[in-house]
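For reference, the structure discussed in these notes is given below.
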Amino acid sequence: MLTREGIVRLLRDAGLEVAAEAEDAEGLLREVRQSRPDVAVVDIRMPPTHTDEGLVAAQSIRAQHPEVGVLVLSQYVEPSYAMRLLEDQPGRVGYLLKERVFDIATVIDALRRIMDGETVIDPTIISRLVRRHRRNDPLTRLTEREREVLGLIAEGLSNRAIAARLFITERTVEAHSTQIFLKLGLSESADWHRRVLAVLTFLRS
Amino acid sequence: MAATGVGALAVAEGPGRFTTYPGSSAPIAALTLVTGFALAGAGLLVSFTRPGQRVGDLAILAAFVWFAPVWVGWQDGPAQVVSLGMVVAGFTFPLLVHAALTRPDGRLGSTPVRALVVAVYLEAAVAAIVLALVRNPYFDPGCWSNCTVNTFLVRSVPPLARLVEVTDRWFAVGAAAAFATACAWGLVRNSGPARRALAPVVGPAMLLAGAVAAHSIALQQIPVEDPANLAFISIFVAACSAVILLGAGLALAALRMRSQRRAVSRMITSLGEAPPPGSLESALAQALDDPALRIVYWLPGAQRYVSASGGFVEEPAPEPGRAVTTLIHDDRPIAVISHAGTLRGLEREIGPAVRLGLENERLQAEVLAQLDEIRASRARIVETADAERRRLERDLHDGAQQRLLALSFDVRLARAAAEENGDGQAQAVLAEAVGDAQIALAELREIAHGIFPAILAEAGLESALETLADSSPVPVEIHGAAGGRPPAPVEMAAYVLVTEALNDATTRRATRVVVGIARERERLVVTADDDGTTRTSSMIAAADRVGAVGGVLEVQPTKVRADIPCA
């Protein structure tokens with residue numbers, strides 16, 4: 001079963017330090033306050049109602065401790081949940097589907113990116129967003145390739161990883177992302193921040 | 001009647017010139033005559049406009065008796081006439097009390113009122129009989145108009161006669177006070193139209209009571225009733241005015257009752273063929289000039305009272321100044337009418353046409369009440385089903401999904417072990433199993449979402465519709481907002497509507513769908529327009545959902561519009 005103990009064991013086996021465990025939102029916030037981890041891994045379903053307590057707790061962590069990243073594990077393919085995480089405090093968050101946990105390499109990569117201040121959104125959600133057909137969509141201004149690149153940015157991939165994935169040069173990826181930021185009106189901010197805002201636009205659209 | 005009056009006038013002008021009030025002067029004579037005729041006229045009017053009403057007979061009888069004191073003053077007239085006059089003269093006041101306290105339905109009101117009327121009749125009868133049997137006018141020191149004749153005299157007992165006379169006066173004072181109190185109480189406990197209807201009778205009645213009491217007290221002070229005395233003349237004039245006004249008041253009440261009755265029987269024709277629920281109540285309230293009038297209907301099936309629109313209401317209880325009339329048909333109640341207290345006997349006023357109207361409206365109310373019940377039960381069924389779907393969705397996540405995740409983990413471990421052991425065949429099979437488990441997880445997630453969209457309950461209609469639009473094969477545009485969170489069943493109805501509209505648009509090869517959400521006061525309006533071919537589906541699922549929350553769904557060839565109340 002996907003228990004807290006199971007995830008802790010996986011993370012420890014992968015060589016990560018697990019600072020603390022908590023069984024509900026209250027305990028989670030207390031532990032975060034005390035041990036100040038790099039990233040908190042949060043299940044979206046928590047007692048008492050098992051609805052969105054995890055999401056609320058994740059938002060509190062981001063608001064109270066901006067230096068602590070949050071990775072939310074969810075069973076819902078819902079861009080709006082991921083967006084709720086990003087809206088108040090952009091960056092340093094991740095939203096992954098639960099089954100991703102067993103692909104430990106993905107998890108560790110995600111945790112690392114979150115620590116670097118980036119955003120990690122589950123590929124299932126990204127692919128749904130890329131596939132969608134919306135009329136009033138700001139992303140319609142982007143070319144097919146630019147949308148693809150933006151999706152990979154949202155997944156949390158670096159420019160180099162994107163270049164490798166799409167079989168193009170890193171310079172081309174940079175050119176694409178500049179175009180993306182320009183088209184979404186994000187030219188003024190620092191690079192990492194622009195990436196986060198672009199992801200937010202991507203989710204919100 | 002005319003003979004009695006004119007004869008009395010002749011007596012007053014001739015032999016009774018010095019002993020009777022009308023004999024004292026021409027104006028007083030005219031006043032006496034006018035008073036008697038006014039009373040008689042009012043009585044006749046009441047009898048004609050409202051046949052079978054006792055009030056008319058009482059007034060006519062009182063008019064006859066009114067002239068009795070004048071006949072008593074017939075000096076040297078036939079002994080029988082004078083003696084009879086003495087016996088009946090005392091009944092004027094009881095008859096007028098009876099007429100004034102009789103309600104429009106012909107009955108006396110409460111027990112105290114009934115007791116008062118019986119008491120004044122009884123006392124008048126006892127006094128008349130005793131005086132007729134024992135009073136010898138010849139020995140009466142206070143005699144005036146007739147000091148000689150009493151045909152009925154059995155044995156003269158002057159002290160007893162004196163005692164009865166004095167007692168009669170004090171009783172008259174008490175009875176007048178009680179009469180005035182009864183009248184005043186009638187005014188106090190009624191209000192609005194009821195009080196306005198009572199006033200023309202009750203006002204003069206109180207004036208009459210004052211005159212009667214004053215007359216008795218004056219007699220106690222001045223033993224001889226001399227019509228030339230200013231005090232007696234004043235009291236007499238007051239009494240005449242009171243009686244004339246009382247007669248007018250009784251006639252007015254009768255006419256008003258008749259016009260109300262006509263209005264009631266006319267109103268049913270003014271309602272038209274298919275009057276909306278409650279129009280009978282407002283028509284009856286208008287016809288009877290009683291804005292507070294209420295009609296409720298008895299539903300034997302539900303054993304409850306309902307209003308015309310089918311809503312359950314309390315059984316109407318009589319309040320001060322208001323009365324409740326139950327209309328019975330075939331031994332079962334049809335309707336209960338709460339109305340002004342003066343409209344007692346309403347049941348008799350309501351003709352067959354109005355009864356039919358009431359019976360129709362009762363049937364209509366019954367249907368509406370059942371409709372309400374069905375609507376509520378449909379909403380409950382939908383809500384229960386949604387709660388069950390929600391539970392299933394959670395069970396899938398907590399149960400099947402967790403097990404599948406665990407299985408997926410175990411298979412990964414096995415694959416890693418196979419890799420370590422260099423078992424390529426097992427590794428390939430297990431790698432495929434990992435893929436299958438991923439697909440199973442994705443499918444399970446889709447199924448759970450299909451059973452109940454958790455996002456709808458947790459993040460609201462807009463987010464849920466965004467997700468819906470994301471997975472739609474037809475491009476979707478969403479405009480507007482729900483303006484806060486409508487009740488869960490309303491959100492669900494709107495969600496189901498858009499789901500069905502998107503599916504339908506897809507089958508009709510639409511290239512775009514425009515979804516609109518708007519909050520218009522307490523209503524949520526959801527629209528979905530597309531550019532597909534003409535619709536063949538009637539959108540049953542959406543219609544059921546929207547109907548279950550009391551909304552209306554309009555289905556057009558390429559448009560749907562739901563208007564759902566959010567209250």
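Identifiers for the structure tokens are assigned positionally: chains receive A, B, ... in sequence, residues are indexed from 1 per chain, and ligands are indexed from 1 in the order shown.
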
request  = Give me the residues within 12 Å of Val476 (chain B) as a PyMOL selection string, counting only C-alpha atoms and dropping any in the same chain fewer than 2 places off.
outcome  = (chain A and resi 132-137) or (chain B and resi 465-474+478-479+498-499+501-503+505-506+510-516+528-531)

message = Taking only C-alpha atoms into account, find every residue of chain B that has an atom no more than 6 Å from chain A, and write it out as a PyMOL selection string.
response = chain B and resi 402-403+406+409+470+475-477

Step one, run DSSP on the backbone; step two, keep only residues of region 293-472 of chain B assigned to helix (DSSP H, G or I); then write them as a compact mmCIF listing (two decimals) with N, CA and C atoms, in the first residue's frame.
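Output contents, as saved in selection06.txt:
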# COMPACT_ATOMS: atom_id res chain seq x y z
N GLY B 341 -65.31 38.75 11.92
CA GLY B 341 -66.32 38.21 12.84
C GLY B 341 -67.74 38.59 12.46
N THR B 342 -67.92 39.74 11.78
CA THR B 342 -69.28 40.17 11.43
C THR B 342 -69.86 39.34 10.31
N LEU B 343 -69.03 38.56 9.62
CA LEU B 343 -69.53 37.79 8.48
C LEU B 343 -70.01 36.41 8.89
N LEU B 346 -71.58 33.03 6.94
CA LEU B 346 -71.01 33.12 5.59
C LEU B 346 -71.41 31.91 4.76
N GLU B 347 -71.49 30.76 5.45
CA GLU B 347 -71.78 29.51 4.76
C GLU B 347 -73.07 29.63 3.94
N ARG B 348 -74.08 30.32 4.54
CA ARG B 348 -75.36 30.44 3.85
C ARG B 348 -75.27 31.44 2.70
N GLU B 349 -74.32 32.39 2.82
CA GLU B 349 -74.19 33.41 1.79
C GLU B 349 -73.56 32.83 0.53
N PRO B 352 -74.18 28.07 -4.75
CA PRO B 352 -73.65 26.86 -5.38
C PRO B 352 -72.49 27.14 -6.33
N ALA B 353 -72.53 28.30 -6.98
CA ALA B 353 -71.45 28.61 -7.94
C ALA B 353 -70.12 28.77 -7.21
N VAL B 354 -70.18 29.49 -6.08
CA VAL B 354 -68.94 29.69 -5.32
C VAL B 354 -68.47 28.36 -4.73
N ARG B 355 -69.41 27.54 -4.30
CA ARG B 355 -69.04 26.22 -3.78
C ARG B 355 -68.31 25.40 -4.83
N LEU B 356 -68.84 25.46 -6.03
CA LEU B 356 -68.21 24.73 -7.13
C LEU B 356 -66.80 25.28 -7.37
N GLY B 357 -66.71 26.61 -7.33
CA GLY B 357 -65.40 27.25 -7.50
C GLY B 357 -64.43 26.80 -6.43
N LEU B 358 -64.93 26.73 -5.19
CA LEU B 358 -64.08 26.30 -4.07
C LEU B 358 -63.65 24.85 -4.25
N GLU B 359 -64.61 24.02 -4.67
CA GLU B 359 -64.29 22.60 -4.86
C GLU B 359 -63.22 22.44 -5.95
N ASN B 360 -63.37 23.25 -7.03
CA ASN B 360 -62.37 23.22 -8.11
C ASN B 360 -61.00 23.63 -7.59
N GLU B 361 -61.02 24.72 -6.82
CA GLU B 361 -59.73 25.22 -6.35
C GLU B 361 -59.10 24.23 -5.37
N ARG B 362 -59.96 23.54 -4.61
CA ARG B 362 -59.42 22.54 -3.68
C ARG B 362 -58.72 21.42 -4.46
N LEU B 363 -59.37 20.97 -5.54
CA LEU B 363 -58.76 19.92 -6.36
C LEU B 363 -57.43 20.40 -6.95
N GLN B 364 -57.45 21.66 -7.39
CA GLN B 364 -56.23 22.24 -7.95
C GLN B 364 -55.14 22.30 -6.88
N ALA B 365 -55.52 22.72 -5.67
CA ALA B 365 -54.56 22.81 -4.57
C ALA B 365 -54.01 21.42 -4.24
N GLU B 366 -54.88 20.41 -4.32
CA GLU B 366 -54.45 19.04 -4.03
C GLU B 366 -53.39 18.60 -5.03
N VAL B 367 -53.66 18.90 -6.31
CA VAL B 367 -52.70 18.54 -7.36
C VAL B 367 -51.38 19.28 -7.15
N LEU B 368 -51.49 20.57 -6.82
CA LEU B 368 -50.27 21.36 -6.61
C LEU B 368 -49.48 20.84 -5.42
N ALA B 369 -50.20 20.45 -4.36
CA ALA B 369 -49.52 19.92 -3.17
C ALA B 369 -48.80 18.62 -3.52
N GLN B 370 -49.49 17.78 -4.31
CA GLN B 370 -48.85 16.51 -4.71
C GLN B 370 -47.62 16.79 -5.58
N LEU B 371 -47.76 17.81 -6.43
CA LEU B 371 -46.66 18.18 -7.31
C LEU B 371 -45.45 18.63 -6.47
N ASP B 372 -45.75 19.42 -5.44
CA ASP B 372 -44.68 19.87 -4.53
C ASP B 372 -43.99 18.67 -3.90
N GLU B 373 -44.83 17.71 -3.48
CA GLU B 373 -44.31 16.51 -2.82
C GLU B 373 -43.41 15.74 -3.78
N ILE B 374 -43.89 15.59 -5.02
CA ILE B 374 -43.12 14.85 -6.03
C ILE B 374 -41.81 15.57 -6.33
N ARG B 375 -41.90 16.90 -6.41
CA ARG B 375 -40.71 17.69 -6.70
C ARG B 375 -39.67 17.50 -5.58
N ALA B 376 -40.16 17.56 -4.34
CA ALA B 376 -39.25 17.40 -3.21
C ALA B 376 -38.64 16.01 -3.22
N SER B 377 -39.48 15.01 -3.55
CA SER B 377 -38.97 13.64 -3.52
C SER B 377 -37.96 13.43 -4.65
N ARG B 378 -38.20 14.07 -5.82
CA ARG B 378 -37.25 13.95 -6.92
C ARG B 378 -35.90 14.58 -6.53
N ALA B 379 -35.98 15.75 -5.87
CA ALA B 379 -34.74 16.40 -5.42
C ALA B 379 -34.01 15.51 -4.43
N ARG B 380 -34.78 14.84 -3.53
CA ARG B 380 -34.15 13.97 -2.54
C ARG B 380 -33.47 12.79 -3.21
N ILE B 381 -34.16 12.22 -4.22
CA ILE B 381 -33.60 11.05 -4.92
C ILE B 381 -32.26 11.43 -5.56
N VAL B 382 -32.26 12.57 -6.24
CA VAL B 382 -31.04 13.03 -6.92
C VAL B 382 -29.93 13.27 -5.89
N GLU B 383 -30.29 13.92 -4.78
CA GLU B 383 -29.28 14.21 -3.76
C GLU B 383 -28.70 12.94 -3.16
N THR B 384 -29.59 11.98 -2.90
CA THR B 384 -29.13 10.71 -2.34
C THR B 384 -28.20 10.01 -3.33
N ALA B 385 -28.59 10.02 -4.61
CA ALA B 385 -27.77 9.37 -5.63
C ALA B 385 -26.40 10.05 -5.71
N ASP B 386 -26.38 11.38 -5.63
CA ASP B 386 -25.11 12.10 -5.69
C ASP B 386 -24.22 11.75 -4.51
N ALA B 387 -24.84 11.69 -3.32
CA ALA B 387 -24.06 11.36 -2.13
C ALA B 387 -23.44 9.97 -2.30
N GLU B 388 -24.23 9.07 -2.89
CA GLU B 388 -23.75 7.70 -3.09
C GLU B 388 -22.60 7.67 -4.11
N ARG B 389 -22.74 8.45 -5.17
CA ARG B 389 -21.69 8.54 -6.18
C ARG B 389 -20.41 9.10 -5.57
N ARG B 390 -20.59 10.10 -4.71
CA ARG B 390 -19.44 10.72 -4.06
C ARG B 390 -18.70 9.68 -3.21
N ARG B 391 -19.54 8.87 -2.49
CA ARG B 391 -18.95 7.85 -1.62
C ARG B 391 -18.18 6.83 -2.47
N LEU B 392 -18.79 6.43 -3.60
CA LEU B 392 -18.14 5.46 -4.50
C LEU B 392 -16.80 6.00 -5.00
N GLU B 393 -16.82 7.29 -5.37
CA GLU B 393 -15.60 7.92 -5.89
C GLU B 393 -14.49 7.86 -4.84
N ARG B 394 -14.85 8.15 -3.59
CA ARG B 394 -13.85 8.12 -2.52
C ARG B 394 -13.37 6.70 -2.26
N ASP B 395 -14.35 5.76 -2.30
CA ASP B 395 -13.97 4.36 -2.07
C ASP B 395 -12.98 3.90 -3.14
N LEU B 396 -13.20 4.32 -4.39
CA LEU B 396 -12.29 3.92 -5.46
C LEU B 396 -10.88 4.45 -5.18
N HIS B 397 -10.81 5.69 -4.72
CA HIS B 397 -9.49 6.27 -4.44
C HIS B 397 -8.85 5.61 -3.23
N ASP B 398 -9.65 5.41 -2.20
CA ASP B 398 -9.08 4.87 -0.96
C ASP B 398 -8.83 3.38 -1.05
N GLY B 399 -9.63 2.68 -1.86
CA GLY B 399 -9.51 1.23 -1.92
C GLY B 399 -8.74 0.77 -3.15
N ALA B 400 -9.46 0.66 -4.27
CA ALA B 400 -8.89 0.09 -5.49
C ALA B 400 -7.62 0.81 -5.92
N GLN B 401 -7.64 2.14 -5.88
CA GLN B 401 -6.48 2.87 -6.36
C GLN B 401 -5.24 2.59 -5.49
N GLN B 402 -5.45 2.57 -4.16
CA GLN B 402 -4.33 2.30 -3.25
C GLN B 402 -3.75 0.91 -3.50
N ARG B 403 -4.65 -0.07 -3.70
CA ARG B 403 -4.17 -1.43 -3.96
C ARG B 403 -3.41 -1.50 -5.28
N LEU B 404 -3.93 -0.79 -6.26
CA LEU B 404 -3.28 -0.79 -7.57
C LEU B 404 -1.90 -0.13 -7.48
N LEU B 405 -1.83 0.93 -6.67
CA LEU B 405 -0.54 1.59 -6.46
C LEU B 405 0.44 0.63 -5.79
N ALA B 406 -0.05 -0.09 -4.77
CA ALA B 406 0.80 -1.04 -4.06
C ALA B 406 1.27 -2.14 -5.01
N LEU B 407 0.31 -2.62 -5.84
CA LEU B 407 0.63 -3.66 -6.82
C LEU B 407 1.70 -3.16 -7.79
N SER B 408 1.50 -1.95 -8.26
CA SER B 408 2.43 -1.34 -9.19
C SER B 408 3.84 -1.27 -8.56
N PHE B 409 3.88 -0.92 -7.28
CA PHE B 409 5.15 -0.84 -6.55
C PHE B 409 5.82 -2.22 -6.48
N ASP B 410 5.00 -3.23 -6.11
CA ASP B 410 5.54 -4.60 -5.99
C ASP B 410 6.09 -5.08 -7.34
N VAL B 411 5.37 -4.78 -8.41
CA VAL B 411 5.81 -5.22 -9.73
C VAL B 411 7.13 -4.55 -10.09
N ARG B 412 7.25 -3.26 -9.73
CA ARG B 412 8.50 -2.56 -9.97
C ARG B 412 9.66 -3.22 -9.20
N LEU B 413 9.37 -3.58 -7.93
CA LEU B 413 10.40 -4.26 -7.14
C LEU B 413 10.81 -5.56 -7.81
N ALA B 414 9.80 -6.30 -8.28
CA ALA B 414 10.06 -7.59 -8.93
C ALA B 414 10.90 -7.38 -10.19
N ARG B 415 10.56 -6.30 -10.92
CA ARG B 415 11.29 -6.02 -12.15
C ARG B 415 12.76 -5.69 -11.83
N ALA B 416 12.93 -4.89 -10.75
CA ALA B 416 14.29 -4.55 -10.35
C ALA B 416 15.07 -5.80 -9.96
N ALA B 417 14.38 -6.73 -9.25
CA ALA B 417 15.03 -7.98 -8.82
C ALA B 417 15.42 -8.81 -10.04
N ALA B 418 14.49 -8.86 -11.02
CA ALA B 418 14.75 -9.63 -12.24
C ALA B 418 15.94 -9.05 -12.98
N GLU B 419 16.03 -7.73 -12.95
CA GLU B 419 17.12 -7.04 -13.62
C GLU B 419 18.45 -7.45 -12.97
N GLU B 420 18.41 -7.47 -11.60
CA GLU B 420 19.62 -7.83 -10.87
C GLU B 420 20.05 -9.26 -11.18
N ASN B 421 19.00 -10.15 -11.26
CA ASN B 421 19.30 -11.56 -11.50
C ASN B 421 19.61 -11.84 -12.97
N GLY B 424 16.15 -11.71 -18.21
CA GLY B 424 15.62 -10.78 -19.21
C GLY B 424 14.17 -11.02 -19.54
N GLN B 425 13.76 -12.31 -19.59
CA GLN B 425 12.38 -12.62 -19.97
C GLN B 425 11.40 -12.09 -18.92
N ALA B 426 11.74 -12.40 -17.63
CA ALA B 426 10.89 -11.94 -16.54
C ALA B 426 10.86 -10.41 -16.51
N GLN B 427 12.01 -9.83 -16.78
CA GLN B 427 12.10 -8.37 -16.75
C GLN B 427 11.16 -7.75 -17.80
N ALA B 428 11.14 -8.35 -18.98
CA ALA B 428 10.28 -7.83 -20.06
C ALA B 428 8.81 -7.94 -19.68
N VAL B 429 8.43 -9.11 -19.14
CA VAL B 429 7.03 -9.33 -18.73
C VAL B 429 6.66 -8.34 -17.65
N LEU B 430 7.56 -8.17 -16.66
CA LEU B 430 7.26 -7.28 -15.54
C LEU B 430 7.21 -5.82 -15.97
N ALA B 431 8.05 -5.48 -16.96
CA ALA B 431 8.02 -4.11 -17.48
C ALA B 431 6.66 -3.83 -18.12
N GLU B 432 6.13 -4.84 -18.83
CA GLU B 432 4.81 -4.71 -19.44
C GLU B 432 3.75 -4.57 -18.35
N ALA B 433 3.92 -5.35 -17.28
CA ALA B 433 2.98 -5.30 -16.16
C ALA B 433 2.96 -3.91 -15.53
N VAL B 434 4.15 -3.30 -15.43
CA VAL B 434 4.21 -1.93 -14.88
C VAL B 434 3.40 -0.98 -15.77
N GLY B 435 3.59 -1.15 -17.10
CA GLY B 435 2.83 -0.32 -18.03
C GLY B 435 1.33 -0.53 -17.89
N ASP B 436 0.93 -1.80 -17.77
CA ASP B 436 -0.50 -2.12 -17.61
C ASP B 436 -1.07 -1.49 -16.35
N ALA B 437 -0.27 -1.57 -15.28
CA ALA B 437 -0.72 -1.01 -14.00
C ALA B 437 -0.92 0.50 -14.15
N GLN B 438 -0.01 1.16 -14.90
CA GLN B 438 -0.16 2.61 -15.12
C GLN B 438 -1.45 2.91 -15.87
N ILE B 439 -1.72 2.08 -16.91
CA ILE B 439 -2.95 2.29 -17.69
C ILE B 439 -4.18 2.07 -16.81
N ALA B 440 -4.10 0.99 -15.99
CA ALA B 440 -5.22 0.69 -15.09
C ALA B 440 -5.46 1.86 -14.14
N LEU B 441 -4.38 2.43 -13.62
CA LEU B 441 -4.52 3.58 -12.70
C LEU B 441 -5.17 4.76 -13.40
N ALA B 442 -4.72 5.00 -14.65
CA ALA B 442 -5.29 6.13 -15.40
C ALA B 442 -6.77 5.89 -15.66
N GLU B 443 -7.12 4.65 -16.05
CA GLU B 443 -8.53 4.33 -16.34
C GLU B 443 -9.37 4.45 -15.08
N LEU B 444 -8.82 3.96 -13.97
CA LEU B 444 -9.53 4.03 -12.71
C LEU B 444 -9.82 5.49 -12.35
N ARG B 445 -8.83 6.33 -12.61
CA ARG B 445 -9.00 7.75 -12.31
C ARG B 445 -10.13 8.35 -13.16
N GLU B 446 -10.15 7.95 -14.45
CA GLU B 446 -11.21 8.43 -15.34
C GLU B 446 -12.58 7.96 -14.86
N ILE B 447 -12.63 6.68 -14.45
CA ILE B 447 -13.91 6.13 -13.97
C ILE B 447 -14.38 6.88 -12.74
N ALA B 448 -13.44 7.09 -11.80
CA ALA B 448 -13.79 7.79 -10.56
C ALA B 448 -14.30 9.19 -10.88
N HIS B 449 -13.62 9.84 -11.84
CA HIS B 449 -14.03 11.20 -12.21
C HIS B 449 -15.41 11.18 -12.86
N GLY B 450 -15.66 10.12 -13.66
CA GLY B 450 -16.96 9.99 -14.31
C GLY B 450 -18.08 9.75 -13.31
N ILE B 451 -17.77 8.98 -12.27
CA ILE B 451 -18.79 8.70 -11.26
C ILE B 451 -19.13 9.97 -10.49
N ALA B 454 -14.85 15.14 -8.39
CA ALA B 454 -14.48 15.67 -7.07
C ALA B 454 -14.18 17.16 -7.15
N ILE B 455 -13.64 17.58 -8.28
CA ILE B 455 -13.29 18.98 -8.46
C ILE B 455 -14.51 19.88 -8.33
N LEU B 456 -15.70 19.36 -8.73
CA LEU B 456 -16.93 20.15 -8.67
C LEU B 456 -17.26 20.48 -7.22
N ALA B 457 -17.18 19.46 -6.36
CA ALA B 457 -17.53 19.68 -4.96
C ALA B 457 -16.47 20.52 -4.26
N GLU B 458 -15.19 20.33 -4.66
CA GLU B 458 -14.13 20.99 -3.91
C GLU B 458 -13.76 22.36 -4.45
N ALA B 459 -13.77 22.52 -5.76
CA ALA B 459 -13.31 23.80 -6.31
C ALA B 459 -14.40 24.59 -6.99
N LEU B 461 -17.99 25.14 -9.70
CA LEU B 461 -18.46 24.90 -11.06
C LEU B 461 -17.45 25.36 -12.12
N GLU B 462 -16.86 26.56 -11.93
CA GLU B 462 -15.96 27.08 -12.96
C GLU B 462 -14.78 26.13 -13.19
N SER B 463 -14.13 25.70 -12.09
CA SER B 463 -12.99 24.79 -12.23
C SER B 463 -13.40 23.49 -12.88
N ALA B 464 -14.56 22.96 -12.46
CA ALA B 464 -15.01 21.68 -13.00
C ALA B 464 -15.30 21.81 -14.50
N LEU B 465 -15.88 22.96 -14.89
CA LEU B 465 -16.18 23.15 -16.31
C LEU B 465 -14.89 23.32 -17.12
N GLU B 466 -13.87 23.96 -16.51
CA GLU B 466 -12.57 24.08 -17.18
C GLU B 466 -12.02 22.70 -17.49
N THR B 467 -12.05 21.82 -16.49
CA THR B 467 -11.57 20.46 -16.67
C THR B 467 -12.36 19.75 -17.75
N LEU B 468 -13.68 19.96 -17.71
CA LEU B 468 -14.56 19.34 -18.69
C LEU B 468 -14.18 19.82 -20.09
N ALA B 469 -13.96 21.14 -20.21
CA ALA B 469 -13.62 21.72 -21.50
C ALA B 469 -12.28 21.19 -21.99
N ASP B 470 -11.33 21.00 -21.03
CA ASP B 470 -10.00 20.51 -21.40
C ASP B 470 -10.08 19.15 -22.08

key: All residues 8 Å or closer to Pro486 (chain B), only C-alpha atoms, same chain fewer than 5 positions away omitted, as a list in words   =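 Here the answer would be Glu491, Leu524 and Cys566 of chain B.
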
Write the residues of the selection above to a file with C-alpha atoms, as a compact mmCIF listing (two decimals), in the first residue's frame.
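Here's the written file selection36.txt:
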# COMPACT_ATOMS: atom_id res chain seq x y z
CA GLU B 491 -23.79 22.95 -9.43
CA LEU B 524 -28.16 30.40 -12.18
CA CYS B 566 -30.40 28.87 -6.29

inquiry  = Set the distance at 9 Å and use only C-alpha atoms: which residues neighbour Glu146 (chain A) once local chain neighbours fewer than 2 positions away are removed? I'd like the list as a ChimeraX atom specification.
reply    = /A:142-144,148-151,173,176-177,179-180

inquiry  = Need the shell around Leu55 (chain A): protein/DNA/RNA residues with any atom at most 10 Å away, counting only C-alpha atoms. Skip same-chain ones fewer than 4 positions apart. Format as a ChimeraX atom specification?
reply    = /A:25,42-46,51,59-61,70,72-74,81-82,84-85,95

inquiry  = I need the residues of chain A that end up classed as strand (DSSP E) by DSSP on the backbone, written out as a ChimeraX atom specification.
reply    = /A:39-43,69-74,93-97,119-121

inquiry  = At a cut-off of 9 Å, using only C-alpha atoms, what residues contact Arg258 (chain B)? Leave out same-chain residues fewer than 5 positions from it and give the result as an MDAnalysis selection string.
reply    = chainID B and resid 49:50 253 263
